[in-house]
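The file upload-v2.cif comes next; it holds mmCIF, C-alpha atoms and all ligand atoms.
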data_work
#
loop_
_atom_site.group_PDB
_atom_site.id
_atom_site.type_symbol
_atom_site.label_atom_id
_atom_site.label_comp_id
_atom_site.auth_asym_id
_atom_site.auth_seq_id
_atom_site.Cartn_x
_atom_site.Cartn_y
_atom_site.Cartn_z
ATOM 1 C CA MET A 1 187.816 -115.847 -73.231
ATOM 2 C CA HIS A 2 188.384 -119.599 -73.293
ATOM 3 C CA ILE A 3 186.663 -121.455 -76.131
ATOM 4 C CA VAL A 4 186.666 -125.239 -76.322
ATOM 5 C CA VAL A 5 185.778 -126.824 -79.655
ATOM 6 C CA CYS A 6 184.817 -130.508 -79.754
ATOM 7 C CA VAL A 7 186.259 -132.145 -82.853
ATOM 8 C CA LYS A 8 185.635 -135.644 -84.116
ATOM 9 C CA GLN A 9 187.664 -137.813 -86.468
ATOM 10 C CA VAL A 10 185.302 -139.361 -89.014
ATOM 11 C CA PRO A 11 185.682 -141.541 -92.111
ATOM 12 C CA ASP A 12 185.119 -139.642 -95.334
ATOM 13 C CA THR A 13 181.508 -140.686 -95.892
ATOM 14 C CA LYS A 14 181.657 -139.744 -99.578
ATOM 15 C CA ILE A 15 183.631 -142.947 -100.129
ATOM 16 C CA ILE A 16 182.981 -145.197 -97.126
ATOM 17 C CA LYS A 17 181.426 -148.644 -97.619
ATOM 18 C CA ILE A 18 178.951 -150.461 -95.381
ATOM 19 C CA ASN A 19 179.607 -154.082 -94.527
ATOM 20 C CA PRO A 20 176.270 -155.720 -95.494
ATOM 21 C CA LYS A 21 176.894 -158.747 -93.225
ATOM 22 C CA THR A 22 177.644 -156.885 -89.989
ATOM 23 C CA ASN A 23 175.658 -153.701 -90.800
ATOM 24 C CA THR A 24 178.617 -151.590 -89.671
ATOM 25 C CA LEU A 25 180.746 -148.961 -91.393
ATOM 26 C CA ASP A 26 183.908 -150.414 -92.897
ATOM 27 C CA ARG A 27 186.118 -147.653 -91.476
ATOM 28 C CA ARG A 28 189.173 -148.998 -93.327
ATOM 29 C CA SER A 29 187.489 -148.304 -96.678
ATOM 30 C CA ALA A 30 187.850 -144.519 -96.378
ATOM 31 C CA PRO A 31 190.464 -142.058 -95.096
ATOM 32 C CA ALA A 32 189.867 -140.443 -91.697
ATOM 33 C CA ILE A 33 189.231 -136.692 -91.757
ATOM 34 C CA LEU A 34 188.238 -133.875 -89.402
ATOM 35 C CA ASN A 35 184.425 -133.794 -89.335
ATOM 36 C CA PRO A 36 183.715 -130.922 -91.808
ATOM 37 C CA TYR A 37 181.273 -129.167 -89.440
ATOM 38 C CA ASP A 38 183.956 -129.229 -86.727
ATOM 39 C CA ALA A 39 186.401 -127.473 -89.065
ATOM 40 C CA HIS A 40 183.804 -124.675 -89.313
ATOM 41 C CA ALA A 41 183.447 -124.756 -85.510
ATOM 42 C CA VAL A 42 187.209 -124.208 -85.091
ATOM 43 C CA GLN A 43 187.136 -121.436 -87.712
ATOM 44 C CA ALA A 44 184.260 -119.773 -85.789
ATOM 45 C CA ALA A 45 186.393 -119.837 -82.631
ATOM 46 C CA VAL A 46 189.309 -118.315 -84.567
ATOM 47 C CA LYS A 47 187.039 -115.462 -85.752
ATOM 48 C CA ILE A 48 185.945 -114.745 -82.149
ATOM 49 C CA LYS A 49 189.572 -114.811 -80.974
ATOM 50 C CA GLU A 50 190.564 -112.390 -83.748
ATOM 51 C CA LYS A 51 187.957 -109.912 -82.449
ATOM 52 C CA ILE A 52 188.328 -110.179 -78.677
ATOM 53 C CA GLY A 53 191.376 -112.365 -77.966
ATOM 54 C CA GLY A 54 191.488 -115.460 -75.791
ATOM 55 C CA THR A 55 192.486 -119.096 -76.042
ATOM 56 C CA ILE A 56 191.085 -121.874 -78.219
ATOM 57 C CA SER A 57 191.327 -125.453 -76.993
ATOM 58 C CA VAL A 58 190.081 -128.434 -78.958
ATOM 59 C CA LEU A 59 188.872 -131.695 -77.448
ATOM 60 C CA SER A 60 188.421 -135.049 -79.109
ATOM 61 C CA MET A 61 187.574 -138.564 -78.012
ATOM 62 C CA GLY A 62 188.936 -141.357 -80.120
ATOM 63 C CA PRO A 63 191.832 -143.744 -80.740
ATOM 64 C CA PRO A 64 195.456 -142.432 -80.696
ATOM 65 C CA GLN A 65 195.279 -141.641 -84.440
ATOM 66 C CA ALA A 66 192.596 -139.005 -83.654
ATOM 67 C CA THR A 67 195.535 -136.703 -82.760
ATOM 68 C CA ALA A 68 195.493 -135.978 -86.527
ATOM 69 C CA VAL A 69 192.249 -133.970 -86.206
ATOM 70 C CA ILE A 70 193.699 -132.030 -83.278
ATOM 71 C CA LYS A 71 196.750 -131.150 -85.393
ATOM 72 C CA LYS A 72 194.427 -130.129 -88.228
ATOM 73 C CA SER A 73 192.557 -127.866 -85.765
ATOM 74 C CA VAL A 74 195.863 -126.295 -84.664
ATOM 75 C CA GLU A 75 196.527 -125.644 -88.355
ATOM 76 C CA ILE A 76 193.195 -123.761 -88.559
ATOM 77 C CA GLY A 77 194.125 -121.738 -85.470
ATOM 78 C CA ALA A 78 193.531 -123.655 -82.210
ATOM 79 C CA ASP A 79 196.066 -123.072 -79.440
ATOM 80 C CA LYS A 80 195.807 -126.294 -77.492
ATOM 81 C CA GLY A 81 194.452 -129.805 -77.984
ATOM 82 C CA TYR A 82 193.247 -132.585 -75.698
ATOM 83 C CA LEU A 83 192.529 -136.163 -76.710
ATOM 84 C CA ILE A 84 190.740 -138.561 -74.393
ATOM 85 C CA SER A 85 191.741 -142.021 -75.448
ATOM 86 C CA ASP A 86 191.262 -145.245 -73.537
ATOM 87 C CA ARG A 87 189.894 -148.731 -74.269
ATOM 88 C CA ALA A 88 187.151 -147.943 -71.741
ATOM 89 C CA PHE A 89 185.708 -145.327 -74.155
ATOM 90 C CA ALA A 90 185.435 -147.803 -77.074
ATOM 91 C CA GLY A 91 181.988 -148.619 -78.461
ATOM 92 C CA ALA A 92 180.426 -145.448 -77.029
ATOM 93 C CA ASP A 93 177.061 -144.239 -78.336
ATOM 94 C CA THR A 94 176.042 -140.579 -78.102
ATOM 95 C CA LEU A 95 175.058 -140.882 -74.432
ATOM 96 C CA ALA A 96 178.427 -142.324 -73.399
ATOM 97 C CA THR A 97 180.320 -139.970 -75.770
ATOM 98 C CA SER A 98 178.721 -136.843 -74.299
ATOM 99 C CA TYR A 99 179.344 -138.148 -70.770
ATOM 100 C CA ALA A 100 183.057 -138.781 -71.460
ATOM 101 C CA LEU A 101 183.521 -135.424 -73.222
ATOM 102 C CA SER A 102 181.762 -133.562 -70.388
ATOM 103 C CA LYS A 103 184.098 -135.208 -67.851
ATOM 104 C CA ALA A 104 187.102 -134.031 -69.889
ATOM 105 C CA LEU A 105 185.545 -130.553 -70.102
ATOM 106 C CA GLU A 106 185.231 -130.586 -66.310
ATOM 107 C CA ARG A 107 189.002 -131.039 -66.029
ATOM 108 C CA ILE A 108 189.749 -128.437 -68.720
ATOM 109 C CA ASN A 109 187.414 -126.029 -66.888
ATOM 110 C CA LYS A 110 189.431 -126.518 -63.681
ATOM 111 C CA GLU A 111 192.652 -125.671 -65.516
ATOM 112 C CA ARG A 112 191.119 -122.598 -67.162
ATOM 113 C CA PRO A 113 187.411 -121.676 -66.878
ATOM 114 C CA VAL A 114 185.541 -122.371 -70.117
ATOM 115 C CA ASP A 115 183.350 -119.531 -71.493
ATOM 116 C CA LEU A 116 182.083 -121.146 -74.676
ATOM 117 C CA VAL A 117 181.890 -124.692 -76.089
ATOM 118 C CA ILE A 118 181.433 -125.108 -79.843
ATOM 119 C CA CYS A 119 180.491 -128.332 -81.637
ATOM 120 C CA GLY A 120 179.590 -129.156 -85.206
ATOM 121 C CA LYS A 121 175.893 -129.438 -86.130
ATOM 122 C CA HIS A 122 176.448 -133.153 -86.536
ATOM 123 C CA ALA A 123 179.137 -135.680 -87.305
ATOM 124 C CA ILE A 124 178.961 -136.973 -90.877
ATOM 125 C CA ASP A 125 179.255 -140.610 -89.750
ATOM 126 C CA GLY A 126 177.003 -140.965 -86.687
ATOM 127 C CA ASP A 127 174.878 -138.065 -87.894
ATOM 128 C CA THR A 128 172.691 -137.787 -84.789
ATOM 129 C CA GLY A 129 173.455 -134.211 -83.695
ATOM 130 C CA GLN A 130 172.976 -135.404 -80.105
ATOM 131 C CA VAL A 131 176.470 -135.049 -78.678
ATOM 132 C CA GLY A 132 176.516 -131.212 -78.433
ATOM 133 C CA PRO A 133 173.169 -130.898 -76.601
ATOM 134 C CA GLY A 134 174.185 -133.969 -74.507
ATOM 135 C CA ILE A 135 177.342 -132.188 -73.319
ATOM 136 C CA ALA A 136 175.386 -128.980 -72.562
ATOM 137 C CA ARG A 137 172.863 -130.926 -70.468
ATOM 138 C CA ARG A 138 175.621 -132.555 -68.443
ATOM 139 C CA MET A 139 177.476 -129.239 -67.963
ATOM 140 C CA ASP A 140 174.161 -127.551 -67.111
ATOM 141 C CA ILE A 141 174.711 -124.777 -69.676
ATOM 142 C CA PRO A 142 172.304 -123.653 -72.434
ATOM 143 C CA PRO A 143 172.687 -125.285 -75.881
ATOM 144 C CA VAL A 144 172.038 -123.204 -79.008
ATOM 145 C CA THR A 145 171.850 -125.357 -82.142
ATOM 146 C CA ASN A 146 172.084 -124.643 -85.907
ATOM 147 C CA VAL A 147 174.131 -121.487 -85.418
ATOM 148 C CA ILE A 148 175.020 -119.478 -88.556
ATOM 149 C CA ASP A 149 176.540 -116.371 -86.952
ATOM 150 C CA VAL A 150 178.132 -115.354 -83.665
ATOM 151 C CA SER A 151 178.508 -111.666 -82.931
ATOM 152 C CA GLU A 152 178.908 -109.308 -80.007
ATOM 153 C CA VAL A 153 180.653 -111.600 -77.577
ATOM 154 C CA ASN A 154 180.687 -109.565 -74.365
ATOM 155 C CA VAL A 155 183.024 -111.122 -71.814
ATOM 156 C CA GLN A 156 182.262 -108.508 -69.108
ATOM 157 C CA GLU A 157 178.471 -108.871 -69.431
ATOM 158 C CA LYS A 158 178.896 -112.605 -70.134
ATOM 159 C CA THR A 159 176.580 -112.551 -73.154
ATOM 160 C CA VAL A 160 176.761 -113.527 -76.806
ATOM 161 C CA LEU A 161 174.504 -112.659 -79.738
ATOM 162 C CA ILE A 162 173.738 -115.638 -81.949
ATOM 163 C CA LYS A 163 171.895 -116.101 -85.229
ATOM 164 C CA ARG A 164 170.415 -119.569 -85.702
ATOM 165 C CA LYS A 165 168.859 -121.163 -88.744
ATOM 166 C CA LEU A 166 165.203 -122.187 -88.689
ATOM 167 C CA SER A 167 163.282 -124.086 -91.366
ATOM 168 C CA ASN A 168 161.475 -120.880 -92.387
ATOM 169 C CA GLY A 169 164.027 -118.140 -91.639
ATOM 170 C CA TYR A 170 166.345 -117.347 -88.779
ATOM 171 C CA GLU A 171 166.277 -116.334 -85.138
ATOM 172 C CA LEU A 172 168.458 -113.923 -83.160
ATOM 173 C CA ILE A 173 169.220 -115.001 -79.615
ATOM 174 C CA GLN A 174 171.175 -113.429 -76.806
ATOM 175 C CA ALA A 175 172.586 -116.235 -74.687
ATOM 176 C CA GLU A 176 174.427 -116.139 -71.402
ATOM 177 C CA LEU A 177 177.999 -117.362 -71.228
ATOM 178 C CA PRO A 178 179.006 -120.083 -70.691
ATOM 179 C CA CYS A 179 176.892 -121.785 -73.323
ATOM 180 C CA LEU A 180 177.296 -124.413 -76.046
ATOM 181 C CA LEU A 181 176.781 -123.815 -79.758
ATOM 182 C CA THR A 182 176.423 -126.308 -82.582
ATOM 183 C CA VAL A 183 177.327 -124.716 -85.903
ATOM 184 C CA GLU A 184 176.189 -125.027 -89.506
ATOM 185 C CA LYS A 185 178.614 -124.845 -92.449
ATOM 186 C CA GLU A 186 177.179 -121.444 -93.490
ATOM 187 C CA ILE A 187 178.748 -119.847 -90.419
ATOM 188 C CA ASN A 188 182.009 -119.196 -92.298
ATOM 189 C CA ASP A 189 184.401 -120.230 -95.038
ATOM 190 C CA ILE A 190 187.476 -122.135 -93.982
ATOM 191 C CA GLU A 191 190.392 -119.828 -94.630
ATOM 192 C CA TYR A 192 193.868 -120.781 -95.848
ATOM 193 C CA SER A 193 196.103 -121.444 -92.852
ATOM 194 C CA PRO A 194 199.186 -119.304 -92.454
ATOM 195 C CA MET A 195 202.539 -121.117 -92.722
ATOM 196 C CA THR A 196 203.218 -120.473 -88.996
ATOM 197 C CA ASN A 197 200.101 -122.464 -88.055
ATOM 198 C CA MET A 198 201.150 -125.312 -90.362
ATOM 199 C CA ILE A 199 204.586 -125.509 -88.774
ATOM 200 C CA LYS A 200 203.075 -125.355 -85.274
ATOM 201 C CA ALA A 201 200.564 -128.103 -86.194
ATOM 202 C CA ALA A 202 203.241 -130.399 -87.622
ATOM 203 C CA ARG A 203 205.207 -130.217 -84.341
ATOM 204 C CA TYR A 204 202.221 -130.113 -81.985
ATOM 205 C CA GLU A 205 201.746 -132.921 -79.473
ATOM 206 C CA PRO A 206 198.235 -132.894 -77.916
ATOM 207 C CA VAL A 207 197.630 -133.643 -74.248
ATOM 208 C CA ILE A 208 196.356 -137.234 -74.024
ATOM 209 C CA TRP A 209 194.208 -138.323 -71.083
ATOM 210 C CA ALA A 210 193.077 -141.793 -70.101
ATOM 211 C CA VAL A 211 190.003 -142.423 -67.924
ATOM 212 C CA SER A 212 192.261 -142.426 -64.832
ATOM 213 C CA ASP A 213 193.245 -138.794 -65.598
ATOM 214 C CA LEU A 214 189.609 -137.658 -65.216
ATOM 215 C CA GLU A 215 187.908 -137.107 -61.849
ATOM 216 C CA ASP A 216 184.776 -138.774 -60.448
ATOM 217 C CA VAL A 217 184.109 -140.895 -63.514
ATOM 218 C CA ASP A 218 181.357 -143.500 -63.297
ATOM 219 C CA ARG A 219 182.852 -146.230 -65.484
ATOM 220 C CA THR A 220 179.454 -147.845 -66.039
ATOM 221 C CA GLN A 221 178.509 -144.776 -68.119
ATOM 222 C CA LEU A 222 181.485 -145.180 -70.481
ATOM 223 C CA GLY A 223 181.978 -147.064 -73.749
ATOM 224 C CA LEU A 224 179.840 -150.029 -74.716
ATOM 225 C CA LYS A 225 178.693 -150.553 -71.089
ATOM 226 C CA GLY A 226 177.248 -147.050 -70.942
ATOM 227 C CA SER A 227 175.625 -147.247 -74.410
ATOM 228 C CA PRO A 228 171.960 -148.288 -74.494
ATOM 229 C CA THR A 229 171.683 -147.698 -78.286
ATOM 230 C CA ILE A 230 171.298 -150.762 -80.500
ATOM 231 C CA VAL A 231 171.921 -150.377 -84.230
ATOM 232 C CA GLY A 232 169.191 -152.457 -85.858
ATOM 233 C CA LYS A 233 170.234 -152.113 -89.472
ATOM 234 C CA MET A 234 172.534 -149.948 -91.525
ATOM 235 C CA PHE A 235 172.244 -149.667 -95.294
ATOM 236 C CA THR A 236 172.880 -147.357 -98.211
ATOM 237 C CA PRO A 237 169.503 -145.922 -99.286
ATOM 238 C CA PRO A 238 168.699 -146.601 -102.950
ATOM 239 C CA ARG A 239 169.428 -143.678 -105.239
ATOM 240 C CA ALA A 240 166.227 -141.791 -106.100
ATOM 241 C CA GLU A 241 165.354 -142.194 -109.783
ATOM 242 C CA GLY A 242 165.401 -138.990 -111.787
ATOM 243 C CA GLY A 243 161.950 -137.444 -112.320
ATOM 244 C CA LYS A 244 160.376 -136.802 -115.718
ATOM 245 C CA LYS A 245 160.959 -133.259 -116.964
ATOM 246 C CA ILE A 246 158.001 -131.632 -118.732
ATOM 247 C CA GLU A 247 159.050 -129.023 -121.262
ATOM 248 C CA GLY A 248 157.596 -126.936 -124.087
ATOM 249 C CA SER A 249 154.814 -124.346 -124.262
ATOM 250 C CA VAL A 250 152.130 -124.254 -121.546
ATOM 251 C CA ASP A 251 149.698 -126.183 -123.807
ATOM 252 C CA GLU A 252 152.334 -128.818 -124.570
ATOM 253 C CA GLN A 253 153.210 -129.115 -120.879
ATOM 254 C CA VAL A 254 149.532 -129.568 -119.880
ATOM 255 C CA LYS A 255 149.131 -132.215 -122.610
ATOM 256 C CA GLN A 256 152.234 -134.097 -121.431
ATOM 257 C CA LEU A 257 151.133 -133.830 -117.783
ATOM 258 C CA MET A 258 147.691 -135.258 -118.630
ATOM 259 C CA GLU A 259 149.366 -138.162 -120.450
ATOM 260 C CA VAL A 260 151.532 -138.921 -117.402
ATOM 261 C CA LEU A 261 148.529 -138.707 -115.059
ATOM 262 C CA LEU A 262 146.441 -140.961 -117.295
ATOM 263 C CA GLU A 263 149.318 -143.475 -117.645
ATOM 264 C CA ASN A 264 149.517 -143.650 -113.848
ATOM 265 C CA ARG A 265 145.747 -143.431 -113.225
ATOM 266 C CA GLU A 266 145.578 -146.850 -111.578
ATOM 267 C CA VAL A 267 148.467 -146.180 -109.172
ATOM 268 C CA LEU A 268 147.114 -142.733 -108.274
ATOM 269 C CA THR A 269 143.596 -144.088 -107.595
ATOM 270 C CA ILE A 270 144.889 -146.828 -105.292
ATOM 271 C CA LYS A 271 147.096 -144.299 -103.441
ATOM 272 C CA SER A 272 144.223 -141.836 -102.901
ATOM 273 C CA MET A 273 141.863 -144.650 -101.762
ATOM 274 C CA ASN A 274 144.442 -145.652 -99.130
ATOM 275 C CA GLN A 275 144.704 -142.140 -97.719
HETATM 276 C C1 LIG A 301 176.310 -149.189 -79.927
HETATM 277 C C2 LIG A 301 177.203 -148.214 -80.625
HETATM 278 C C3 LIG A 301 178.581 -148.446 -80.660
HETATM 279 C C4 LIG A 301 179.423 -147.528 -81.294
HETATM 280 N N1 LIG A 301 180.760 -147.760 -81.311
HETATM 281 C C5 LIG A 301 181.597 -146.881 -81.877
HETATM 282 C C6 LIG A 301 183.012 -147.085 -81.865
HETATM 283 O O1 LIG A 301 183.508 -148.051 -81.314
HETATM 284 N N2 LIG A 301 183.820 -146.153 -82.486
HETATM 285 C C7 LIG A 301 183.267 -145.032 -83.074
HETATM 286 O O2 LIG A 301 184.015 -144.199 -83.613
HETATM 287 N N3 LIG A 301 181.948 -144.816 -83.080
HETATM 288 C C8 LIG A 301 181.097 -145.701 -82.506
HETATM 289 N N4 LIG A 301 179.761 -145.474 -82.522
HETATM 290 C C9 LIG A 301 179.295 -144.249 -83.110
HETATM 291 C C10 LIG A 301 179.381 -143.212 -82.014
HETATM 292 O O3 LIG A 301 178.490 -143.454 -81.002
HETATM 293 C C11 LIG A 301 179.000 -141.851 -82.501
HETATM 294 O O4 LIG A 301 179.701 -141.574 -83.665
HETATM 295 C C12 LIG A 301 179.360 -140.835 -81.435
HETATM 296 O O5 LIG A 301 178.658 -141.090 -80.257
HETATM 297 C C13 LIG A 301 179.051 -139.450 -81.869
HETATM 298 O O6 LIG A 301 177.724 -139.373 -82.289
HETATM 299 P P1 LIG A 301 177.441 -138.726 -83.682
HETATM 300 O O7 LIG A 301 178.453 -139.195 -84.643
HETATM 301 O O8 LIG A 301 176.021 -138.923 -83.972
HETATM 302 O O9 LIG A 301 177.797 -137.219 -83.338
HETATM 303 P P2 LIG A 301 176.908 -135.947 -83.461
HETATM 304 O O10 LIG A 301 176.087 -135.808 -82.246
HETATM 305 O O11 LIG A 301 176.240 -135.908 -84.797
HETATM 306 O O12 LIG A 301 178.122 -134.902 -83.416
HETATM 307 C C14 LIG A 301 177.877 -133.522 -83.153
HETATM 308 C C15 LIG A 301 179.153 -132.877 -82.718
HETATM 309 O O13 LIG A 301 179.550 -133.425 -81.442
HETATM 310 C C16 LIG A 301 180.981 -133.438 -81.373
HETATM 311 N N5 LIG A 301 181.451 -134.832 -81.249
HETATM 312 C C17 LIG A 301 180.792 -135.963 -81.572
HETATM 313 N N6 LIG A 301 181.578 -137.035 -81.299
HETATM 314 C C18 LIG A 301 182.742 -136.549 -80.842
HETATM 315 C C19 LIG A 301 183.977 -137.149 -80.405
HETATM 316 N N7 LIG A 301 184.168 -138.464 -80.400
HETATM 317 N N8 LIG A 301 184.973 -136.333 -79.988
HETATM 318 C C20 LIG A 301 184.807 -134.965 -79.979
HETATM 319 N N9 LIG A 301 183.687 -134.358 -80.382
HETATM 320 C C21 LIG A 301 182.676 -135.141 -80.798
HETATM 321 C C22 LIG A 301 181.481 -132.785 -82.657
HETATM 322 O O14 LIG A 301 181.620 -131.404 -82.450
HETATM 323 C C23 LIG A 301 180.340 -133.076 -83.629
HETATM 324 O O15 LIG A 301 180.305 -132.164 -84.708
HETATM 325 C C24 LIG A 301 178.888 -146.378 -81.906
HETATM 326 C C25 LIG A 301 177.508 -146.162 -81.878
HETATM 327 C C26 LIG A 301 176.668 -147.073 -81.251
HETATM 328 C C27 LIG A 301 175.218 -146.806 -81.261
#
Mind turning this structure into structure tokens?
Ligand SMILES: Cc1cc2nc3c(=O)[nH]c(=O)nc-3n(C[C@H](O)[C@H](O)[C@H](O)COP(=O)(O)OP(=O)(O)OC[C@H]3O[C@@H](n4cnc5c(N)ncnc54)[C@H](O)[C@@H]3O)c2cc1C
Amino acid sequence: MHIVVCVKQVPDTKIIKINPKTNTLDRRSAPAILNPYDAHAVQAAVKIKEKIGGTISVLSMGPPQATAVIKKSVEIGADKGYLISDRAFAGADTLATSYALSKALERINKERPVDLVICGKHAIDGDTGQVGPGIARRMDIPPVTNVIDVSEVNVQEKTVLIKRKLSNGYELIQAELPCLLTVEKEINDIEYSPMTNMIKAARYEPVIWAVSDLEDVDRTQLGLKGSPTIVGKMFTPPRAEGGKKIEGSVDEQVKQLMEVLLENREVLTIKSMNQ
């Protein structure tokens, strides 16, 4: 069983600032971390490996400092890491990112056939959730999104049983391997890494590939050239104001509610006339 997990280095969006003049993320304003969903994706791969054995590779696209997220993945339990890093990849949108990652996966697949690709549900910076399905489309394998459990991986039958989250419940799916999953945080808890993993991670040097190391790459589909997306505006949405809490006995609550409705009668009438 060969599992490849795609991991992205992202700025910690809890503290990142947006440059109001350029409408871009000021990436220097926050430390770079492993995308939290991708940490859960690596942990999911570790759980599968614990049950049925195999090899876990991680793949990232980014600048040389993105090796940090590969090391972090090795700490969680990955065996091998690949970074594709080249100026030609810079400025990529989700279309160009999924193209570049699928080309790297093509090479990894030649070295050792890939049975399962796992991605995070989304990256906390770009937040589109498009890269996983984009890779699956290019590899011509089925994508299964919003996964919260993976069980019964059958390498002989080439099937996997997956539980995915829906807005009103969940769905159980049997997919054929190879396939691509995008995982939710609920899939697992990140466990403490054993000391041996930490030592391995500290010494680990990922394989780094430039565009020239990948085969049959159409350079017009890479980086800014291959990115049709235009970011119109980026801003921090205003914080929602706290609502008014109505408390007391039922009679008191009805009285207070009527007062609020009457206070806002004009606004409510205009709104309902517009509907
Ligand atoms: C015009 C334009 C220019 C941009 N320029 C840059 C730039 O120069 N530098 C930059 O960092 N971003 C840039 N971005 C943002 C970048 O396109 C996205 O962050 C990237 O394509 C991934 O999309 P996402 O964050 O929405 O990922 P999602 O689709 O939300 O990610 C889902 C999952 O896909 C996988 N994944 C996503 N990206 C990667 C990756 N790079 N490596 C490995 N796995 C990955 C992970 O498993 C992740 O959990 C640019 C965007 C646009 C529109």
Report as AutoDock Vina command-line options the centre and the edge lengths, in Å to one decimal, of the axis-aligned box holding every listed atom of ligand LIG 301 (chain A), padded by 6 Å on each side.
--center_x 180.1 --center_y -140.3 --center_z -82.4 --size_x 21.8 --size_y 29.8 --size_z 16.9
Please identify all polymer residues within 10 Å of Val150 of chain A, counting only C-alpha atoms, omitting same-chain residues fewer than 3 positions from it, and present them as an mmCIF file with C-alpha atoms, keeping the file's coordinate frame.
data_model
loop_
_atom_site.group_PDB
_atom_site.id
_atom_site.type_symbol
_atom_site.label_atom_id
_atom_site.label_comp_id
_atom_site.auth_asym_id
_atom_site.auth_seq_id
_atom_site.Cartn_x
_atom_site.Cartn_y
_atom_site.Cartn_z
ATOM 1 C CA ALA A 44 184.260 -119.773 -85.789
ATOM 2 C CA ALA A 45 186.393 -119.837 -82.631
ATOM 3 C CA LYS A 47 187.039 -115.462 -85.752
ATOM 4 C CA ILE A 48 185.945 -114.745 -82.149
ATOM 5 C CA VAL A 147 174.131 -121.487 -85.418
ATOM 6 C CA VAL A 153 180.653 -111.600 -77.577
ATOM 7 C CA VAL A 160 176.761 -113.527 -76.806
ATOM 8 C CA LEU A 161 174.504 -112.659 -79.738
ATOM 9 C CA ILE A 162 173.738 -115.638 -81.949
ATOM 10 C CA LYS A 163 171.895 -116.101 -85.229
ATOM 11 C CA ARG A 164 170.415 -119.569 -85.702
ATOM 12 C CA LEU A 172 168.458 -113.923 -83.160
ATOM 13 C CA ILE A 173 169.220 -115.001 -79.615
ATOM 14 C CA GLN A 174 171.175 -113.429 -76.806
ATOM 15 C CA LEU A 181 176.781 -123.815 -79.758
ATOM 16 C CA VAL A 183 177.327 -124.716 -85.903
ATOM 17 C CA ILE A 187 178.748 -119.847 -90.419
#
Selection under test: the PyMOL selection byres (((chain A and resi 108-116) around 9) and not hetatm); residues as number ranges by chain
A: 1-5, 57, 82, 103-107, 117-118, 155, 158, 177-181
Can you tell me, as a list in words, what residues are no more than 7 Å from Ala30 of chain A when counting only C-alpha atoms, ignoring any on the same chain fewer than 5 positions away?
Pro11, Asp12, Ile15 and Ile16 of chain A
Can you work out which one of A:Gly169, A:Pro31, A:Pro142, A:Gly232 has the shortest atom-to-atom distance to ligand LIG 301 (chain A), counting all atoms listed in the file?
A:Gly232
Pairwise distance for atom CA of Asn146 of chain A and atom C23 of ligand LIG 301 (chain A), rounded to one decimal in Å
12.0 Å
Using only C-alpha atoms and all ligand atoms, tabulate the residues of chain A lying at most 8 Å from any atom of ligand LIG 301 (chain A), each with its closest atom pair and that distance in Å to one decimal, by chain and increasing residue number, as CSV.
residue,atom,partner,partner_atom,distance
A:Val5,CA,A:LIG301,O14,6.8
A:Cys6,CA,A:LIG301,N9,4.1
A:Val7,CA,A:LIG301,N9,4.2
A:Lys8,CA,A:LIG301,N8,4.2
A:Gln9,CA,A:LIG301,N7,7.0
A:Val10,CA,A:LIG301,O2,7.4
A:Asn35,CA,A:LIG301,O15,6.4
A:Pro36,CA,A:LIG301,O15,8.0
A:Tyr37,CA,A:LIG301,O15,5.7
A:Asp38,CA,A:LIG301,O15,5.1
A:Ala41,CA,A:LIG301,O14,7.5
A:Leu59,CA,A:LIG301,C20,5.8
A:Ser60,CA,A:LIG301,C20,3.7
A:Met61,CA,A:LIG301,N8,4.0
A:Gly62,CA,A:LIG301,N7,5.6
A:Phe89,CA,A:LIG301,O1,8.0
A:Ala90,CA,A:LIG301,O1,4.7
A:Gly91,CA,A:LIG301,N1,3.2
A:Ala92,CA,A:LIG301,O3,4.8
A:Asp93,CA,A:LIG301,O3,3.1
A:Thr94,CA,A:LIG301,O5,3.4
A:Leu95,CA,A:LIG301,O5,6.9
A:Ala96,CA,A:LIG301,O5,7.0
A:Thr97,CA,A:LIG301,O5,4.9
A:Ser98,CA,A:LIG301,O5,7.3
A:Leu101,CA,A:LIG301,C20,6.9
A:Ile118,CA,A:LIG301,O14,6.8
A:Cys119,CA,A:LIG301,O14,3.4
A:Gly120,CA,A:LIG301,O15,3.1
A:Lys121,CA,A:LIG301,O15,5.4
A:His122,CA,A:LIG301,O11,3.3
A:Ala123,CA,A:LIG301,O11,3.8
A:Ile124,CA,A:LIG301,O7,6.6
A:Asp125,CA,A:LIG301,O7,5.4
A:Gly126,CA,A:LIG301,O7,3.1
A:Asp127,CA,A:LIG301,O11,4.0
A:Thr128,CA,A:LIG301,O8,3.6
A:Gly129,CA,A:LIG301,O10,3.4
A:Gln130,CA,A:LIG301,O10,3.8
A:Val131,CA,A:LIG301,O10,3.7
A:Gly132,CA,A:LIG301,O13,4.8
A:Thr182,CA,A:LIG301,C15,7.1
A:Gly223,CA,A:LIG301,N1,7.7
A:Leu224,CA,A:LIG301,C3,6.3
A:Ser227,CA,A:LIG301,C1,5.9
A:Pro228,CA,A:LIG301,C1,7.0
A:Thr229,CA,A:LIG301,C27,4.7
A:Ile230,CA,A:LIG301,C1,5.3
A:Val231,CA,A:LIG301,C27,5.7
Tell me which residues the PyMOL selection byres (((chain A and resi 193) around 12) and not hetatm) grabs here, as a PyMOL selection string.
chain A and resi 43+46+72-78+189-192+194-201
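Between atom CA of Asp79 of chain A and atom CA of Thr67 of chain A the separation is 14.0 Å.
When only C-alpha atoms are used to measure the gap to Leu222 of chain A, the shortest distance among A:Glu266, A:Glu184, A:Glu241, A:Asp86 belongs to A:Asp86.
In this structure, atom CA of Leu34 of chain A sits 18.2 Å away from atom CA of Lys17 of chain A.
The smallest atom-to-atom distance between Ala68 of chain A and any of A:Pro133, A:Pro143, A:Pro206, A:Gly243, using only C-alpha atoms, is found for A:Pro206.
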